[in-house]
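J.: See entry34.txt below, with compact mmCIF, C-alpha atoms.
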# COMPACT_ATOMS: atom_id res chain seq x y z
CA MET A 1 0.00 0.00 0.00
CA PRO A 2 1.53 3.36 -1.00
CA LEU A 3 2.21 5.83 1.80
CA PRO A 4 0.36 9.15 1.93
CA GLN A 5 2.28 12.32 1.19
CA GLU A 6 1.08 14.08 4.34
CA MET A 7 0.39 13.15 7.97
CA ARG A 8 -1.42 14.69 10.90
CA PHE A 9 0.70 15.83 13.83
CA VAL A 10 0.35 17.85 17.04
CA ASP A 11 1.37 21.38 16.11
CA LEU A 12 2.91 23.43 18.89
CA GLY A 13 2.24 26.92 17.62
CA SER A 14 3.72 28.63 20.68
CA PHE A 15 4.79 27.80 24.22
CA GLY A 16 2.09 27.81 26.87
CA GLY A 17 -0.79 25.79 28.28
CA PRO A 18 -2.34 22.68 26.73
CA GLU A 19 -4.60 24.83 24.54
CA VAL A 20 -1.66 25.96 22.37
CA MET A 21 -1.57 22.49 20.75
CA THR A 22 -3.59 21.91 17.59
CA ILE A 23 -3.74 19.19 14.96
CA GLY A 24 -1.86 20.19 11.81
CA ARG A 25 -0.61 18.55 8.63
CA ARG A 26 2.90 18.22 7.24
CA PRO A 27 4.81 16.00 4.77
CA LEU A 28 5.82 12.50 5.87
CA PRO A 29 9.44 12.24 7.03
CA VAL A 30 11.78 9.98 5.04
CA PRO A 31 14.03 7.49 6.87
CA GLU A 32 17.75 8.13 6.57
CA GLU A 33 20.71 5.89 7.42
CA GLY A 34 19.87 3.65 10.38
CA GLN A 35 16.27 4.86 10.72
CA VAL A 36 12.84 3.30 10.32
CA LEU A 37 9.50 5.00 9.67
CA VAL A 38 6.70 3.78 11.95
CA ARG A 39 2.99 4.30 11.40
CA ALA A 40 1.75 5.12 14.91
CA GLU A 41 -0.99 3.07 16.53
CA ALA A 42 -0.52 4.42 20.08
CA ILE A 43 1.59 7.17 21.64
CA GLY A 44 2.78 7.65 25.21
CA VAL A 45 2.31 11.01 26.95
CA ASN A 46 5.11 11.95 29.34
CA ARG A 47 6.14 14.70 31.72
CA PRO A 48 8.98 15.90 29.43
CA ASP A 49 6.33 16.56 26.74
CA ILE A 50 4.68 19.03 29.10
CA ALA A 51 8.01 20.70 29.86
CA GLN A 52 8.75 21.05 26.13
CA ARG A 53 5.29 22.48 25.50
CA GLN A 54 5.91 25.05 28.24
CA GLY A 55 9.28 25.99 26.76
CA SER A 56 11.56 24.59 29.49
CA TYR A 57 12.79 21.42 27.74
CA PRO A 58 13.96 22.26 24.21
CA PRO A 59 14.74 19.36 21.87
CA PRO A 60 18.35 18.80 20.74
CA LYS A 61 19.30 20.51 17.48
CA ASP A 62 19.26 17.24 15.55
CA ALA A 63 15.90 16.08 16.95
CA SER A 64 12.39 16.57 15.58
CA PRO A 65 10.70 19.72 16.93
CA ILE A 66 7.43 17.78 17.16
CA LEU A 67 6.45 16.72 20.68
CA GLY A 68 6.52 13.09 21.78
CA LEU A 69 9.11 10.57 22.96
CA GLU A 70 7.53 7.13 22.54
CA LEU A 71 5.09 5.24 20.38
CA SER A 72 4.10 1.85 19.06
CA GLY A 73 3.01 0.79 15.62
CA GLU A 74 4.09 -0.82 12.36
CA ILE A 75 7.25 -0.22 10.37
CA VAL A 76 6.28 1.08 6.92
CA ALA A 77 9.74 2.00 5.55
CA VAL A 78 13.38 1.39 6.43
CA GLY A 79 16.42 3.51 5.71
CA PRO A 80 19.82 2.42 4.38
CA GLY A 81 21.81 0.18 6.68
CA VAL A 82 18.83 -1.24 8.59
CA THR A 83 19.06 -5.02 8.42
CA ASP A 84 17.49 -6.28 11.66
CA HIS A 85 14.02 -4.79 11.09
CA ALA A 86 11.64 -5.00 8.14
CA VAL A 87 8.47 -3.42 6.80
CA GLY A 88 5.50 -4.94 8.63
CA ASP A 89 7.26 -5.45 11.99
CA LYS A 90 5.24 -4.39 15.03
CA VAL A 91 7.51 -2.32 17.24
CA CYS A 92 7.60 0.19 20.05
CA GLY A 93 10.40 2.65 20.46
CA LEU A 94 12.03 5.64 22.08
CA ALA A 95 11.84 8.62 19.73
CA ASN A 96 14.18 11.59 19.58
CA GLY A 97 11.06 13.73 19.36
CA GLY A 98 8.32 13.49 16.75
CA ALA A 99 6.07 10.84 18.31
CA TYR A 100 2.96 13.05 18.42
CA ALA A 101 2.18 12.26 14.79
CA GLU A 102 0.65 9.61 12.55
CA TYR A 103 4.16 8.66 11.34
CA CYS A 104 7.46 8.95 13.19
CA LEU A 105 11.13 8.30 12.47
CA LEU A 106 12.92 6.09 14.97
CA PRO A 107 16.60 5.09 15.17
CA ALA A 108 16.76 1.34 14.63
CA GLY A 109 18.78 0.99 17.83
CA GLN A 110 15.93 2.38 19.92
CA ILE A 111 13.08 0.06 18.90
CA LEU A 112 11.88 -3.18 20.41
CA PRO A 113 9.29 -5.75 19.33
CA PHE A 114 5.91 -5.87 20.99
CA PRO A 115 6.25 -8.23 23.97
CA LYS A 116 4.27 -11.41 23.30
CA GLY A 117 0.62 -10.84 24.13
CA PHE A 118 0.89 -7.05 24.05
CA GLY A 119 -1.24 -4.76 21.93
CA ALA A 120 -0.36 -1.28 20.75
CA VAL A 121 -1.54 0.60 23.85
CA LYS A 122 0.48 -1.47 26.34
CA ALA A 123 3.51 -1.45 24.04
CA ALA A 124 3.40 2.35 23.67
CA ALA A 125 3.53 2.71 27.47
CA LEU A 126 6.92 0.97 27.71
CA PRO A 127 9.84 2.79 26.07
CA GLU A 128 10.27 6.13 27.85
CA THR A 129 9.82 4.89 31.40
CA PHE A 130 11.60 1.56 30.95
CA PHE A 131 14.61 3.15 29.22
CA THR A 132 14.80 5.78 31.98
CA VAL A 133 14.42 3.41 34.92
CA TRP A 134 16.85 0.85 33.53
CA ALA A 135 19.51 3.46 32.79
CA ASN A 136 19.28 5.30 36.11
CA LEU A 137 18.30 2.63 38.62
CA PHE A 138 20.16 -0.38 37.24
CA GLN A 139 22.99 0.81 35.00
CA MET A 140 24.05 3.94 36.91
CA ALA A 141 22.94 3.29 40.50
CA GLY A 142 23.66 -0.44 40.18
CA LEU A 143 20.60 -1.81 41.98
CA THR A 144 21.07 -5.50 42.82
CA GLU A 145 19.15 -8.24 44.61
CA GLY A 146 18.78 -7.72 48.34
CA GLU A 147 19.25 -3.94 48.30
CA THR A 148 16.71 -1.38 49.50
CA VAL A 149 15.42 1.43 47.30
CA LEU A 150 13.18 4.47 47.76
CA ILE A 151 11.17 5.55 44.70
CA HIS A 152 9.77 9.08 44.78
CA GLY A 153 6.64 9.75 42.73
CA GLY A 154 5.60 6.13 43.06
CA THR A 155 2.42 6.40 40.99
CA SER A 156 3.93 8.26 38.05
CA GLY A 157 4.79 6.35 34.90
CA ILE A 158 8.42 6.24 36.08
CA GLY A 159 7.40 5.28 39.61
CA THR A 160 5.07 2.42 38.70
CA THR A 161 7.77 1.03 36.41
CA ALA A 162 10.57 1.44 38.96
CA ILE A 163 8.63 -0.22 41.79
CA GLN A 164 7.85 -3.27 39.68
CA LEU A 165 11.33 -3.67 38.19
CA ALA A 166 13.11 -3.19 41.51
CA ARG A 167 10.82 -5.75 43.14
CA ALA A 168 11.21 -8.19 40.24
CA PHE A 169 15.00 -8.06 40.61
CA GLY A 170 14.85 -8.81 44.33
CA ALA A 171 15.04 -5.38 45.97
CA GLU A 172 13.06 -4.16 48.97
CA VAL A 173 11.06 -1.15 47.79
CA TYR A 174 9.73 1.96 49.51
CA ALA A 175 7.84 4.68 47.68
CA THR A 176 6.31 8.12 48.19
CA ALA A 177 2.94 9.28 46.86
CA GLY A 178 0.42 12.02 47.58
CA SER A 179 -2.73 10.24 48.78
CA ARG A 180 -3.88 7.10 50.53
CA GLU A 181 -5.25 5.77 47.24
CA LYS A 182 -1.89 6.31 45.55
CA CYS A 183 0.02 4.77 48.46
CA GLU A 184 -2.19 1.68 48.28
CA ALA A 185 -1.49 1.46 44.54
CA CYS A 186 2.27 1.54 45.23
CA GLU A 187 1.94 -1.29 47.72
CA ARG A 188 -0.11 -3.37 45.30
CA LEU A 189 2.70 -2.97 42.77
CA GLY A 190 5.26 -4.31 45.24
CA ALA A 191 6.33 -1.55 47.62
CA LYS A 192 6.85 -2.80 51.17
CA ARG A 193 5.76 0.58 52.53
CA ALA A 194 4.36 3.61 50.72
CA ILE A 195 4.74 6.99 52.41
CA ASN A 196 2.15 9.76 52.01
CA TYR A 197 4.38 12.81 51.58
CA ARG A 198 1.47 15.14 52.37
CA SER A 199 1.08 13.80 55.92
CA GLU A 200 4.38 12.00 56.68
CA ASP A 201 8.07 12.89 56.69
CA PHE A 202 9.59 10.31 54.37
CA ALA A 203 13.04 10.63 55.97
CA ALA A 204 11.62 9.83 59.40
CA VAL A 205 9.65 6.87 58.04
CA ILE A 206 12.68 5.46 56.21
CA LYS A 207 14.80 5.72 59.37
CA ALA A 208 12.10 3.97 61.40
CA GLU A 209 11.55 1.25 58.80
CA THR A 210 15.18 0.45 57.93
CA GLY A 211 17.31 1.68 60.82
CA GLN A 212 20.23 2.65 58.62
CA GLY A 213 18.54 4.05 55.49
CA VAL A 214 18.11 2.76 51.94
CA ASP A 215 20.82 1.84 49.46
CA ILE A 216 19.40 3.80 46.50
CA ILE A 217 16.94 6.64 45.99
CA LEU A 218 15.39 7.38 42.58
CA ASP A 219 14.35 11.02 42.77
CA MET A 220 12.41 13.30 40.43
CA ILE A 221 11.86 16.15 42.93
CA GLY A 222 15.35 17.62 43.21
CA ALA A 223 16.11 20.56 45.50
CA ALA A 224 13.07 20.28 47.78
CA TYR A 225 14.05 16.72 48.78
CA PHE A 226 17.85 16.92 48.52
CA GLU A 227 18.79 17.20 52.21
CA ARG A 228 16.22 14.64 53.34
CA ASN A 229 17.36 12.30 50.57
CA LEU A 230 20.92 12.44 51.90
CA ALA A 231 19.61 11.72 55.39
CA SER A 232 17.64 8.73 54.08
CA LEU A 233 20.59 6.94 52.47
CA ALA A 234 22.62 4.23 54.15
CA LYS A 235 26.42 4.15 54.02
CA ASP A 236 27.73 3.87 50.44
CA GLY A 237 24.24 4.75 49.20
CA CYS A 238 23.41 6.38 45.87
CA LEU A 239 21.02 9.22 45.05
CA SER A 240 19.96 9.15 41.39
CA ILE A 241 18.19 12.34 40.24
CA ILE A 242 16.12 12.26 37.04
CA ALA A 243 14.05 15.46 37.25
CA PHE A 244 13.63 18.71 39.20
CA LEU A 245 9.91 18.99 39.90
CA GLY A 246 10.81 20.56 43.26
CA GLY A 247 13.49 22.88 41.91
CA ALA A 248 17.04 22.58 40.57
CA VAL A 249 18.85 24.81 43.08
CA ALA A 250 19.32 23.61 46.66
CA GLU A 251 20.48 26.30 49.10
CA LYS A 252 21.92 25.98 52.63
CA VAL A 253 22.11 22.19 52.39
CA ASN A 254 24.29 20.23 54.82
CA LEU A 255 26.60 18.24 52.52
CA SER A 256 28.50 16.45 55.29
CA PRO A 257 26.47 13.21 54.95
CA ILE A 258 28.00 12.75 51.49
CA MET A 259 31.45 12.46 53.06
CA VAL A 260 30.51 10.77 56.32
CA LYS A 261 28.42 8.07 54.63
CA ARG A 262 30.47 7.89 51.38
CA LEU A 263 27.42 8.71 49.29
CA THR A 264 27.18 8.97 45.51
CA VAL A 265 24.98 11.63 43.91
CA THR A 266 24.31 11.10 40.23
CA GLY A 267 21.66 11.75 37.62
CA SER A 268 20.91 11.93 33.93
CA THR A 269 18.40 12.75 31.24
CA MET A 270 17.74 10.45 28.32
CA ARG A 271 17.74 12.89 25.41
CA PRO A 272 21.46 13.85 25.40
CA ARG A 273 22.60 10.22 25.45
CA THR A 274 24.29 9.00 22.30
CA ALA A 275 22.72 6.52 19.90
CA GLU A 276 25.19 3.90 21.12
CA GLU A 277 24.22 4.46 24.76
CA LYS A 278 20.52 4.17 23.94
CA ARG A 279 21.15 1.02 21.92
CA ALA A 280 22.93 -0.51 24.95
CA ILE A 281 19.91 0.25 27.13
CA ARG A 282 17.63 -1.24 24.47
CA ASP A 283 19.72 -4.42 24.36
CA ASP A 284 19.59 -4.79 28.15
CA LEU A 285 15.82 -4.31 28.16
CA LEU A 286 15.35 -6.93 25.47
CA ALA A 287 17.50 -9.46 27.34
CA GLU A 288 16.52 -8.74 30.95
CA VAL A 289 13.10 -7.10 31.02
CA TRP A 290 11.15 -8.31 27.98
CA PRO A 291 11.00 -11.87 29.41
CA LEU A 292 9.46 -10.42 32.60
CA LEU A 293 6.85 -8.54 30.57
CA GLU A 294 6.00 -11.63 28.55
CA ALA A 295 5.70 -13.71 31.73
CA GLY A 296 3.38 -11.17 33.34
CA ALA A 297 5.79 -10.47 36.21
CA VAL A 298 5.92 -6.78 35.23
CA ALA A 299 3.33 -4.73 33.31
CA PRO A 300 2.78 -1.09 32.40
CA VAL A 301 0.07 0.62 34.44
CA ILE A 302 -2.34 2.43 32.09
CA HIS A 303 -4.39 5.17 33.74
CA LYS A 304 -6.36 6.46 30.76
CA VAL A 305 -6.40 6.24 26.97
CA PHE A 306 -7.31 9.26 24.84
CA ALA A 307 -7.88 9.64 21.12
CA PHE A 308 -5.07 11.40 19.26
CA GLU A 309 -7.38 14.38 18.68
CA ASP A 310 -7.86 14.77 22.46
CA ILE A 311 -4.22 15.66 23.16
CA VAL A 312 -5.23 18.83 25.02
CA ALA A 313 -7.32 16.83 27.50
CA ALA A 314 -4.49 14.32 27.92
CA HIS A 315 -2.03 17.07 28.86
CA ARG A 316 -4.53 18.62 31.26
CA LEU A 317 -4.88 15.30 33.05
CA MET A 318 -1.08 14.97 33.32
CA GLU A 319 -0.82 18.47 34.79
CA GLU A 320 -3.55 17.78 37.35
CA GLY A 321 -1.41 14.96 38.73
CA SER A 322 -4.32 12.70 39.64
CA HIS A 323 -3.25 9.85 37.37
CA ILE A 324 -1.76 6.53 38.49
CA GLY A 325 0.51 5.21 35.77
CA LYS A 326 0.60 6.09 32.09
CA VAL A 327 -1.52 8.25 29.80
CA VAL A 328 -1.68 6.99 26.20
CA LEU A 329 -3.09 8.30 22.90
CA THR A 330 -4.51 6.05 20.20
CA VAL A 331 -4.20 6.96 16.53
Can you turn what I pasted into structure tokens?
T.:
Amino acid sequence: MPLPQEMRFVDLGSFGGPEVMTIGRRPLPVPEEGQVLVRAEAIGVNRPDIAQRQGSYPPPKDASPILGLELSGEIVAVGPGVTDHAVGDKVCGLANGGAYAEYCLLPAGQILPFPKGFGAVKAAALPETFFTVWANLFQMAGLTEGETVLIHGGTSGIGTTAIQLARAFGAEVYATAGSREKCEACERLGAKRAINYRSEDFAAVIKAETGQGVDIILDMIGAAYFERNLASLAKDGCLSIIAFLGGAVAEKVNLSPIMVKRLTVTGSTMRPRTAEEKRAIRDDLLAEVWPLLEAGAVAPVIHKVFAFEDIVAAHRLMEEGSHIGKVVLTV
């Protein structure tokens, strides 16, 4: 079947609230060396999309200016040098931008097959959070069996993924969330204890629960939690920061725990990573995590599915913060 000359996409006319997004039309992109063109069936909505829409998370110069970091669908064209994927393959993948569209270019090293038994919606909910959690919690922080970990934002897409993966690999998991309903959801996913940050001091709870603190903290809050995160780590512990929802500048913080307890403070974002680094994450996921997905030991948590045309409502839901798990668009 011949491809159309144009596609619909989410047009970001200016920075601002969800209402600045409209549905526009533009020519189909053409795959270059090492790329595939995927016809989207479902698209994941993520917090970085909101930041880009607001103007605080610009795409790299070589990335698509269109919003969107993950999708699932069918390969409809392959570029030169692509030998391990073919037209007709059902794949999900991490995009370097451009996923909010009917067609999207993906580097071949950043796509994965649908896990057995998965449809498009569940597959679209995988790439961004699973790439991020694997890179930061397992590759960088080195989480291993028997360790203890605290996951902030436990009911976010990142949080629900991190709780399940940490538990599946034999860690003892604690999590923070903002309501009793959300705390109960964290515990159903595998957290030993979920802490309501609106009514409890997570540092005090961690001290009471563990005695010495946790081995690893996965944090998306940043400055507002920095000092209490240091206090919550055990000796030789690691704080891995992946976002700054509570600010990027921490003032008048007591840094002595870093030296006294030999702590490591690290962090990363996914977008600046090289193609080779992203391919290495993809390979780990395929070998270590895809079998867990196919066995049902781990699964994406889908909060709500919107039609592609309802992107404004999807972003409004994300900003409200009431969701538990992922928000997905269907095309």
J.: Quick one: residues within 9 Å of Gly68 in chain A, all atoms listed in the file counted, chain neighbours fewer than 5 positions away excluded, as a ChimeraX atom specification?
T.: /A:43-46,48-49,95-101
J.: How would the residues just picked look written out with C-alpha atoms as a PDB file, in the coordinates of the input?
T.:
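Result written to out-v3.pdb:
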ATOM      1  CA  ILE A  43       1.590   7.170  21.640  1.00  0.00           C
ATOM      2  CA  GLY A  44       2.780   7.650  25.210  1.00  0.00           C
ATOM      3  CA  VAL A  45       2.310  11.010  26.950  1.00  0.00           C
ATOM      4  CA  ASN A  46       5.110  11.950  29.340  1.00  0.00           C
ATOM      5  CA  PRO A  48       8.980  15.900  29.430  1.00  0.00           C
ATOM      6  CA  ASP A  49       6.330  16.560  26.740  1.00  0.00           C
ATOM      7  CA  ALA A  95      11.840   8.620  19.730  1.00  0.00           C
ATOM      8  CA  ASN A  96      14.180  11.590  19.580  1.00  0.00           C
ATOM      9  CA  GLY A  97      11.060  13.730  19.360  1.00  0.00           C
ATOM     10  CA  GLY A  98       8.320  13.490  16.750  1.00  0.00           C
ATOM     11  CA  ALA A  99       6.070  10.840  18.310  1.00  0.00           C
ATOM     12  CA  TYR A 100       2.960  13.050  18.420  1.00  0.00           C
ATOM     13  CA  ALA A 101       2.180  12.260  14.790  1.00  0.00           C
TER      14      ALA A 101
END
J.: So, with all atoms listed in the file as the atoms that count, which of A:Asp310, A:Pro58, A:Val265, A:His152 lies closest to Gly246 in chain A?
T.: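 For Gly246 in chain A, the nearest of the candidates is A:His152.
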J.: Taking all atoms listed in the file into account, name the residue in A:Gln212, A:Thr144, A:Gln52, A:Gln164 that is nearest to Phe130 in chain A.
T.: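 Closest residue, counting all atoms listed in the file: A:Gln164.
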J.: Can you work out the spacing between CA of Ala51 in chain A and CA of Ser268 in chain A in Å, to one decimal?
T.: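 Between these atoms lies a distance of 16.1 Å.
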J.: Grab the CA of Ala177 in chain A to CA of Tyr225 in chain A distance for me, in Å with one decimal place.
T.: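 Rounded to one decimal, the two atoms are 13.5 Å apart.
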J.: When you look at Lys182 in chain A with a cut-off of 8 Å (counting all atoms listed in the file), what residues show up, excluding the ones that are within fewer than 3 positions of it in the same chain? I need them as a VMD selection string.
T.: chain A and resid 154 to 155 177 to 179 185 to 186 324
J.: Please report the interatomic distance between CA of Cys183 in chain A and CA of Val121 in chain A in Å with one decimal.
T.: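 Taking CA of Cys183 in chain A and CA of Val121 in chain A, their separation equals 25.0 Å.
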J.: Nearest to Leu126 in chain A: which of A:Ile302, A:Val10, A:Ile195, A:Leu233 is it, counting all atoms listed in the file?
T.: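 Under the stated criterion, the closest residue is A:Ile302.
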